[in-house]
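**Student:** Structure file work_27.txt (compact mmCIF, C-alpha atoms and all ligand atoms) right here:
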# COMPACT_ATOMS: atom_id res chain seq x y z
CA MET A 1 -13.89 40.42 -22.95
CA HIS A 2 -14.82 40.23 -19.26
CA GLN A 3 -11.73 40.60 -17.06
CA SER A 4 -12.49 37.42 -15.12
CA ILE A 5 -12.84 35.45 -18.36
CA GLU A 6 -9.47 36.72 -19.50
CA LYS A 7 -7.85 35.51 -16.28
CA LEU A 8 -9.82 32.28 -16.22
CA LEU A 9 -8.68 31.47 -19.75
CA GLY A 10 -5.15 31.48 -18.36
CA VAL A 11 -6.28 29.08 -15.63
CA GLN A 12 -8.00 26.92 -18.24
CA LYS A 13 -4.81 26.74 -20.29
CA LEU A 14 -2.97 25.44 -17.23
CA ASP A 15 -5.78 23.00 -16.49
CA ARG A 16 -5.47 21.57 -20.00
CA GLU A 17 -1.73 21.07 -19.55
CA ILE A 18 -2.21 19.55 -16.08
CA SER A 19 -4.83 17.10 -17.32
CA LEU A 20 -2.62 16.00 -20.24
CA LEU A 21 0.27 15.40 -17.87
CA GLU A 22 -1.96 13.54 -15.40
CA GLU A 23 -3.18 11.33 -18.22
CA ALA A 24 0.36 10.59 -19.38
CA LYS A 25 1.27 9.83 -15.77
CA SER A 26 -1.57 7.34 -15.33
CA ARG A 27 -0.68 5.64 -18.63
CA ARG A 28 2.99 5.14 -17.81
CA PRO A 29 2.64 2.23 -15.35
CA MET A 30 0.57 0.37 -17.96
CA GLU A 31 3.73 0.05 -20.03
CA LEU A 32 4.96 -2.32 -17.33
CA SER A 33 2.06 -4.74 -17.50
CA ASP A 34 3.50 -6.69 -20.45
CA ASP A 35 6.83 -7.20 -18.70
CA LEU A 36 5.09 -8.04 -15.46
CA ARG A 37 3.10 -10.71 -17.28
CA LYS A 38 6.33 -12.10 -18.77
CA VAL A 39 7.89 -12.35 -15.29
CA ALA A 40 4.80 -14.11 -13.93
CA SER A 41 4.70 -16.60 -16.78
CA GLY A 42 8.46 -17.23 -16.44
CA LYS A 43 7.97 -18.03 -12.75
CA ASP A 44 5.07 -20.28 -13.64
CA VAL A 45 7.15 -22.29 -16.12
CA VAL A 46 10.01 -22.71 -13.61
CA SER A 47 7.62 -23.88 -10.94
CA ARG A 48 6.07 -26.43 -13.28
CA VAL A 49 9.52 -27.88 -14.05
CA GLU A 50 10.23 -27.94 -10.31
CA ASP A 51 7.07 -30.00 -9.80
CA GLU A 52 8.19 -32.40 -12.51
CA ILE A 53 11.60 -32.71 -10.84
CA LYS A 54 9.94 -33.47 -7.52
CA ALA A 55 7.78 -36.17 -9.13
CA CYS A 56 10.89 -37.68 -10.78
CA ARG A 57 12.75 -37.82 -7.47
CA MET A 58 9.81 -39.54 -5.82
CA GLU A 59 9.68 -42.10 -8.62
CA ILE A 60 13.43 -42.76 -8.24
CA ASP A 61 13.08 -43.16 -4.46
CA LYS A 62 10.18 -45.52 -4.92
CA GLY A 63 12.13 -47.62 -7.46
CA GLU A 64 15.21 -47.76 -5.25
CA LEU A 65 13.16 -48.82 -2.25
CA LYS A 66 11.56 -51.59 -4.29
CA ILE A 67 15.01 -52.74 -5.48
CA ARG A 68 16.21 -52.95 -1.87
CA GLU A 69 13.09 -54.89 -0.90
CA LEU A 70 13.83 -57.34 -3.71
CA ASP A 71 17.41 -57.64 -2.35
CA ALA A 72 15.92 -58.78 0.93
CA ASP A 73 13.58 -61.19 -0.88
CA ILE A 74 16.48 -62.64 -2.85
CA GLU A 75 18.48 -63.05 0.35
CA LYS A 76 15.60 -64.85 2.04
CA SER A 77 15.04 -67.14 -0.93
CA THR A 78 18.78 -67.87 -1.17
CA ILE A 79 18.83 -68.98 2.46
CA ALA A 80 15.75 -71.12 1.87
CA MET A 81 17.26 -72.54 -1.32
CA ASN A 82 20.44 -73.51 0.47
CA ALA A 83 18.40 -75.21 3.17
CA ALA A 84 16.21 -77.05 0.65
CA ASN A 85 15.71 -80.73 1.33
CA THR A 86 14.60 -81.78 -2.11
CA ASN A 87 15.56 -80.94 -5.66
CA ASP A 88 12.01 -79.70 -6.32
CA GLU A 89 12.18 -77.30 -3.38
CA TYR A 90 15.60 -76.16 -4.57
CA SER A 91 14.39 -75.41 -8.06
CA ILE A 92 11.28 -73.54 -6.77
CA PHE A 93 13.50 -71.16 -4.75
CA LYS A 94 15.95 -70.91 -7.59
CA GLY A 95 13.08 -69.92 -9.88
CA GLN A 96 11.91 -67.32 -7.35
CA ILE A 97 15.38 -65.82 -7.13
CA ALA A 98 15.57 -65.59 -10.92
CA LYS A 99 12.16 -63.89 -11.03
CA TYR A 100 13.18 -61.37 -8.35
CA GLY A 101 16.41 -60.71 -10.21
CA GLU A 102 14.55 -60.11 -13.44
CA GLU A 103 12.16 -57.71 -11.70
CA GLN A 104 15.12 -55.91 -10.16
CA GLY A 105 16.79 -55.58 -13.52
CA GLY A 106 13.66 -54.04 -14.99
CA LEU A 107 13.38 -51.61 -12.08
CA GLU A 108 17.04 -50.63 -12.33
CA GLU A 109 16.54 -49.80 -15.98
CA GLU A 110 13.49 -47.70 -15.17
CA VAL A 111 15.30 -45.85 -12.38
CA LEU A 112 18.20 -45.14 -14.71
CA GLU A 113 15.84 -43.79 -17.34
CA THR A 114 14.12 -41.56 -14.79
CA MET A 115 17.54 -40.33 -13.61
CA ASN A 116 18.41 -39.35 -17.16
CA HIS A 117 15.09 -37.58 -17.47
CA LEU A 118 15.82 -35.81 -14.16
CA ASP A 119 19.20 -34.63 -15.49
CA GLY A 120 17.45 -33.20 -18.51
CA LEU A 121 14.86 -31.45 -16.35
CA GLN A 122 17.54 -29.94 -14.15
CA GLY A 123 19.32 -28.55 -17.18
CA LYS A 124 16.05 -27.17 -18.47
CA LYS A 125 15.30 -25.62 -15.09
CA ALA A 126 18.70 -23.89 -14.98
CA GLU A 127 18.10 -22.51 -18.46
CA LEU A 128 14.60 -21.28 -17.57
CA GLU A 129 15.93 -19.67 -14.40
CA ARG A 130 18.55 -17.78 -16.41
CA ASP A 131 15.82 -16.59 -18.78
CA LEU A 132 13.65 -15.57 -15.84
CA ALA A 133 16.53 -13.62 -14.28
CA ASP A 134 16.99 -11.75 -17.59
CA THR A 135 13.26 -11.02 -17.80
CA GLU A 136 13.22 -9.79 -14.22
CA LYS A 137 16.22 -7.59 -14.85
CA ALA A 138 14.57 -6.09 -17.93
CA TYR A 139 11.40 -5.50 -15.91
CA GLN A 140 13.30 -3.78 -13.11
CA ARG A 141 15.15 -1.61 -15.59
CA LYS A 142 11.89 -0.54 -17.15
CA GLU A 143 10.24 -0.02 -13.77
CA THR A 144 13.05 2.31 -12.71
CA GLU A 145 12.70 4.17 -15.99
CA VAL A 146 8.91 4.47 -15.63
CA ASN A 147 9.20 5.57 -12.00
CA GLY A 148 11.63 8.26 -13.08
CA LEU A 149 9.28 9.48 -15.79
CA VAL A 150 6.32 9.49 -13.40
CA LYS A 151 8.36 11.50 -10.90
CA GLU A 152 9.28 13.95 -13.62
CA LEU A 153 5.62 14.33 -14.62
CA ASP A 154 4.69 14.76 -10.95
CA SER A 155 7.10 17.61 -10.53
CA LYS A 156 5.86 19.28 -13.73
CA VAL A 157 2.27 18.97 -12.50
CA GLY A 158 3.33 20.39 -9.14
CA GLY A 159 4.90 23.39 -10.87
CA LEU A 160 1.80 24.02 -12.98
CA LYS A 161 -0.45 23.73 -9.92
CA ASP A 162 1.65 26.34 -8.14
CA GLU A 163 1.34 28.58 -11.16
CA ARG A 164 -2.42 27.98 -11.21
CA GLY A 165 -2.67 28.89 -7.53
CA GLN A 166 -0.95 32.20 -8.17
CA LEU A 167 -3.13 32.93 -11.18
CA THR A 168 -6.41 32.15 -9.41
CA SER A 169 -5.57 34.50 -6.57
CA PHE A 170 -6.17 37.32 -9.05
CA VAL A 171 -9.61 36.04 -10.10
CA ASP A 172 -12.82 37.17 -8.41
CA GLY A 173 -13.74 34.47 -5.88
CA ASP A 174 -17.34 34.01 -7.07
CA HIS A 175 -16.25 33.78 -10.67
CA PHE A 176 -13.59 31.25 -9.87
CA ALA A 177 -16.20 29.19 -7.99
CA ILE A 178 -18.42 29.21 -11.09
CA TYR A 179 -15.48 28.07 -13.22
CA GLU A 180 -14.65 25.24 -10.82
CA ARG A 181 -18.27 24.10 -10.67
CA ILE A 182 -18.49 23.91 -14.46
CA ARG A 183 -15.11 22.19 -14.68
CA SER A 184 -16.31 19.44 -12.36
CA LYS A 185 -19.29 18.80 -14.63
CA VAL A 186 -18.14 19.07 -18.22
CA ASP A 187 -15.58 17.28 -20.34
CA GLY A 188 -12.94 19.45 -21.92
CA ASP A 189 -13.02 23.22 -21.71
CA SER A 190 -15.26 25.05 -19.25
CA ILE A 191 -14.90 28.37 -21.08
CA VAL A 192 -15.63 28.41 -24.80
CA PRO A 193 -15.93 31.12 -27.42
CA VAL A 194 -19.06 31.80 -29.41
CA GLU A 195 -18.34 31.72 -33.09
CA LYS A 196 -20.01 33.00 -36.17
CA LYS A 197 -21.26 30.64 -38.80
CA ALA A 198 -19.45 31.81 -41.93
CA GLU A 199 -22.42 32.14 -44.22
CA GLU A 200 -24.83 33.75 -41.77
CA GLU A 201 -24.03 37.23 -40.53
CA GLY A 202 -24.82 37.81 -36.87
CA VAL A 203 -25.55 34.17 -36.01
CA PHE A 204 -23.28 32.79 -33.31
CA PHE A 205 -22.91 29.37 -31.77
CA CYS A 206 -21.53 28.05 -28.47
CA GLN A 207 -18.35 26.18 -29.36
CA GLY A 208 -18.96 23.74 -26.52
CA CYS A 209 -22.29 22.32 -27.70
CA TYR A 210 -23.04 24.24 -30.94
CA MET A 211 -26.23 25.76 -29.54
CA ARG A 212 -27.12 29.03 -31.15
CA VAL A 213 -26.85 32.08 -28.85
CA THR A 214 -29.57 34.72 -28.95
CA LYS A 215 -29.08 38.30 -30.07
CA GLN A 216 -29.60 39.42 -26.47
CA GLU A 217 -26.92 37.04 -25.25
CA LEU A 218 -24.61 38.25 -27.97
CA ASN A 219 -25.13 41.83 -26.81
CA GLN A 220 -24.39 40.76 -23.23
CA LEU A 221 -21.17 39.13 -24.40
CA ALA A 222 -20.20 42.22 -26.35
CA LEU A 223 -20.77 44.45 -23.31
CA ALA A 224 -18.79 42.00 -21.15
CA GLN A 225 -20.20 43.38 -17.92
CA GLU A 226 -21.26 40.08 -16.45
CA LEU A 227 -20.46 36.42 -16.96
CA LEU A 228 -22.70 34.44 -19.26
CA THR A 229 -23.12 30.70 -19.43
CA CYS A 230 -24.55 28.61 -22.27
CA ARG A 231 -28.22 27.72 -21.75
CA SER A 232 -27.58 24.25 -23.09
CA CYS A 233 -24.20 23.07 -21.85
CA SER A 234 -23.60 25.57 -18.98
CA ARG A 235 -20.11 26.48 -20.17
CA LEU A 236 -18.89 30.03 -19.70
CA LEU A 237 -19.07 31.92 -22.99
CA PHE A 238 -17.01 34.72 -24.44
CA LEU A 239 -16.82 36.67 -27.63
CA GLU A 240 -13.43 36.71 -29.22
CA GLY A 241 -11.72 39.91 -30.30
ZN ZN B 301 -23.04 25.28 -25.03
Write the structure described by the file as C-alpha cells, please.
**Tutor:**
Amino acid sequence: MHQSIEKLLGVQKLDREISLLEEAKSRRPMELSDDLRKVASGKDVVSRVEDEIKACRMEIDKGELKIRELDADIEKSTIAMNAANTNDEYSIFKGQIAKYGEEQGGLEEEVLETMNHLDGLQGKKAELERDLADTEKAYQRKETEVNGLVKELDSKVGGLKDERGQLTSFVDGDHFAIYERIRSKVDGDSIVPVEKKAEEEGVFFCQGCYMRVTKQELNQLALAQELLTCRSCSRLLFLEG
C-alpha cells in the first residue's frame, strides 16, 4: 500500500468520527423543540385567559356604570314624583322608577354572574400559570442538559481535530490536498479499497461506486508507487493486504 494512503486512512478514520460527532451535535438541540413548543403553547393559553379576564372586567365596569346612571335616573324621577301636581303625573313617575329599578335588578344579576365567571377565570389562570412554570422549568433543565452534551461533543471534536492536525503533518502536502479535494466532493469515504468479486478471479471493483478497475490499474495499485483515483467516482483507491 502507498505510504500516503496508509497515513490518509488514519486521517479518514478521524474524519469519520468527527463527522459522526458533528451530526450528533447538530441533532441535540432538536430534542428541545418539543419542549419549546410546549412552553409557547402554555404562554398562548395563559394569554388567552388574560384576554378573557380583561373582557370580563370591562363588562363589569360597563354594568356598574349603567347601574349608577340608573341611580341618578331614579333620583331624578323621585324628585319629579314628589313634586307631581296630579295623580296621573305621580303614577307616571312611579312607573318610571319601578322600570328603572327592574332594569337595575337585571343588571346587578348580570354583573354578579360575570363576577363569578371572573373568579373562575382567575383560578384557571393561576392553575395554567403553575403548569407553565413547570413546563418552563422542565425546558430549562433539558436545555442545560443539552448544552452540556453539546459542549462535551465540542471538546471531543476539538481533540480529534488536534489529532488530525498532527497526523496530516506527516502526509505529503500534494497528497493531502488531493484527499481534501475529494472529501469536499464525495459523500462518505474518500479512500476506498478495490475488492475482488468472489466468483471471478482477478476482477476487482471500486468499493465507492462498484466500477470495475482495469488490469493496468490493478497493477498500479499493486506496485503502490503513485496514487490512483477511480475513473468513475474519483475516490482514492487502494489494494488491501
Ligand atoms: Zn469509484
**Student:** Quick one: which chain A residues come within 10 Å of ligand ZN 301 (chain B), and what is the nearest atom pair for each with the distance in Å to one decimal, counting all atoms listed in the file, rows ordered by chain and ascending number, as a tab-separated table?
**Tutor:**
residue	atom	partner	partner_atom	distance
A:Ser190	CA	B:ZN301	ZN	9.7
A:Ile191	CA	B:ZN301	ZN	9.6
A:Val192	CA	B:ZN301	ZN	8.0
A:Pro193	CA	B:ZN301	ZN	9.5
A:Val194	CA	B:ZN301	ZN	8.8
A:Phe205	CA	B:ZN301	ZN	7.9
A:Cys206	CA	B:ZN301	ZN	4.7
A:Gln207	CA	B:ZN301	ZN	6.4
A:Gly208	CA	B:ZN301	ZN	4.6
A:Cys209	CA	B:ZN301	ZN	4.1
A:Tyr210	CA	B:ZN301	ZN	6.0
A:Met211	CA	B:ZN301	ZN	5.5
A:Arg212	CA	B:ZN301	ZN	8.3
A:Val213	CA	B:ZN301	ZN	8.7
A:Thr229	CA	B:ZN301	ZN	7.8
A:Cys230	CA	B:ZN301	ZN	4.6
A:Arg231	CA	B:ZN301	ZN	6.6
A:Ser232	CA	B:ZN301	ZN	5.0
A:Cys233	CA	B:ZN301	ZN	4.0
A:Ser234	CA	B:ZN301	ZN	6.1
A:Arg235	CA	B:ZN301	ZN	5.8
A:Leu236	CA	B:ZN301	ZN	8.3
A:Leu237	CA	B:ZN301	ZN	8.0
**Student:** Using only C-alpha atoms, please write the residues we just selected to a file, as a PDB file, in the frame of the given file.
**Tutor:**
ATOM      1  CA  SER A 190     -15.260  25.050 -19.250  1.00  0.00           C
ATOM      2  CA  ILE A 191     -14.900  28.370 -21.080  1.00  0.00           C
ATOM      3  CA  VAL A 192     -15.630  28.410 -24.800  1.00  0.00           C
ATOM      4  CA  PRO A 193     -15.930  31.120 -27.420  1.00  0.00           C
ATOM      5  CA  VAL A 194     -19.060  31.800 -29.410  1.00  0.00           C
ATOM      6  CA  PHE A 205     -22.910  29.370 -31.770  1.00  0.00           C
ATOM      7  CA  CYS A 206     -21.530  28.050 -28.470  1.00  0.00           C
ATOM      8  CA  GLN A 207     -18.350  26.180 -29.360  1.00  0.00           C
ATOM      9  CA  GLY A 208     -18.960  23.740 -26.520  1.00  0.00           C
ATOM     10  CA  CYS A 209     -22.290  22.320 -27.700  1.00  0.00           C
ATOM     11  CA  TYR A 210     -23.040  24.240 -30.940  1.00  0.00           C
ATOM     12  CA  MET A 211     -26.230  25.760 -29.540  1.00  0.00           C
ATOM     13  CA  ARG A 212     -27.120  29.030 -31.150  1.00  0.00           C
ATOM     14  CA  VAL A 213     -26.850  32.080 -28.850  1.00  0.00           C
ATOM     15  CA  THR A 229     -23.120  30.700 -19.430  1.00  0.00           C
ATOM     16  CA  CYS A 230     -24.550  28.610 -22.270  1.00  0.00           C
ATOM     17  CA  ARG A 231     -28.220  27.720 -21.750  1.00  0.00           C
ATOM     18  CA  SER A 232     -27.580  24.250 -23.090  1.00  0.00           C
ATOM     19  CA  CYS A 233     -24.200  23.070 -21.850  1.00  0.00           C
ATOM     20  CA  SER A 234     -23.600  25.570 -18.980  1.00  0.00           C
ATOM     21  CA  ARG A 235     -20.110  26.480 -20.170  1.00  0.00           C
ATOM     22  CA  LEU A 236     -18.890  30.030 -19.700  1.00  0.00           C
ATOM     23  CA  LEU A 237     -19.070  31.920 -22.990  1.00  0.00           C
TER      24      LEU A 237
END
**Student:** Would you kindly return, as a list in words, each protein, DNA or RNA residue with an atom no farther than 10 Å from any atom of Ala40 of chain A, considering all atoms listed in the file and excluding same-chain residues fewer than 6 positions away?
**Tutor:** Asp34, Leu132, Thr135 and Glu136 of chain A
**Student:** When you count all atoms listed in the file, which of these residues is closest to Val146 of chain A: A:Lys99, A:Glu31, A:Glu23, A:Glu17?
**Tutor:**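 Using all atoms listed in the file, Val146 of chain A sits closest to A:Glu31.
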**Student:** With all atoms listed in the file as the basis for distance, which of A:Glu226, A:Glu109, A:Asp61, A:Glu75 is at the shortest distance from Gln96 of chain A?
**Tutor:**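 Comparing A:Glu226, A:Glu109, A:Asp61, A:Glu75 against Gln96 of chain A, the winner is A:Glu75.
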**Student:** Quick one: residues within 10 Å of Asp172 of chain A, only C-alpha atoms counted, chain neighbours fewer than 2 positions away excluded, as a list in words?
**Tutor:**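 Counting only the stated atoms, we get Gln3, Ser4, Lys7, Leu8, Thr168, Ser169, Phe170, Asp174, His175, Phe176 and Ala177 of chain A.
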**Student:** Between atom CA of Ser19 of chain A and atom CA of Glu152 of chain A, what distance in Å does the model show, to one decimal?
**Tutor:** 14.9 Å
**Student:** Please measure the separation of atom CA of Val45 of chain A and atom CA of Leu118 of chain A, giving the value in Å to one decimal.
**Tutor:**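 So the two atoms, atom CA of Val45 of chain A and atom CA of Leu118 of chain A, lie 16.2 Å apart.
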**Student:** Out of A:Glu180, A:Glu59, A:Asp154, A:Glu6, which residue has the shortest atom-to-atom distance to Leu21 of chain A when counting all atoms listed in the file?
**Tutor:** A:Asp154
**Student:** Figure out the distance between atom CA of Leu20 of chain A and atom CA of Ala138 of chain A, please, to one decimal in Å.
**Tutor:**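 Atom-to-atom, atom CA of Ala138 of chain A to atom CA of Leu20 of chain A, that is 28.1 Å.
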**Student:** So which residues touch segment 122-130 of chain A within 8 Å, counting all atoms listed in the file, skipping near sequence neighbours fewer than 4 positions away, as a PyMOL selection string?
**Tutor:** chain A and resi 42+45-46+49-50+53+118+134
**Student:** Go ahead and save the picked residues with C-alpha atoms, as a JSON list (two decimals), in the coordinates of the input.
**Tutor:**
[["chain", "number", "residue", "atom", "x", "y", "z"],
["A", 42, "GLY", "CA", 8.46, -17.23, -16.44],
["A", 45, "VAL", "CA", 7.15, -22.29, -16.12],
["A", 46, "VAL", "CA", 10.01, -22.71, -13.61],
["A", 49, "VAL", "CA", 9.52, -27.88, -14.05],
["A", 50, "GLU", "CA", 10.23, -27.94, -10.31],
["A", 53, "ILE", "CA", 11.60, -32.71, -10.84],
["A", 118, "LEU", "CA", 15.82, -35.81, -14.16],
["A", 134, "ASP", "CA", 16.99, -11.75, -17.59]]
**Student:** Which one of A:Leu218, A:Leu121, A:Ile18, A:Ala133 sits closest to Lys43 of chain A if you count all atoms listed in the file?
**Tutor:**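 So, comparing all the options, the nearest one is A:Ala133.
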**Student:** Nearest to Ile74 of chain A: which of A:Pro29, A:Gly188, A:Gly106, A:Gly101 is it, counting all atoms listed in the file?
**Tutor:**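 Smallest distance to Ile74 of chain A is found for A:Gly101.
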**Student:** Any idea what's packed within 10 Å of His2 of chain A, counting all atoms listed in the file, ignoring anything in its chain fewer than 5 positions away? Could you give it as JSON, numbers by chain?
**Tutor:** {"A": [7, 8, 221, 222, 223, 224, 225, 226, 227, 228, 238, 239]}
**Student:** For the residues selected in the previous step, produce a file with C-alpha atoms as an mmCIF file, keeping the file's coordinate frame.
**Tutor:**
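Once written, again-v2.cif looks like this:
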data_model
loop_
_atom_site.group_PDB
_atom_site.id
_atom_site.type_symbol
_atom_site.label_atom_id
_atom_site.label_comp_id
_atom_site.auth_asym_id
_atom_site.auth_seq_id
_atom_site.Cartn_x
_atom_site.Cartn_y
_atom_site.Cartn_z
ATOM 1 C CA LYS A 7 -7.850 35.510 -16.280
ATOM 2 C CA LEU A 8 -9.820 32.280 -16.220
ATOM 3 C CA LEU A 221 -21.170 39.130 -24.400
ATOM 4 C CA ALA A 222 -20.200 42.220 -26.350
ATOM 5 C CA LEU A 223 -20.770 44.450 -23.310
ATOM 6 C CA ALA A 224 -18.790 42.000 -21.150
ATOM 7 C CA GLN A 225 -20.200 43.380 -17.920
ATOM 8 C CA GLU A 226 -21.260 40.080 -16.450
ATOM 9 C CA LEU A 227 -20.460 36.420 -16.960
ATOM 10 C CA LEU A 228 -22.700 34.440 -19.260
ATOM 11 C CA PHE A 238 -17.010 34.720 -24.440
ATOM 12 C CA LEU A 239 -16.820 36.670 -27.630
#
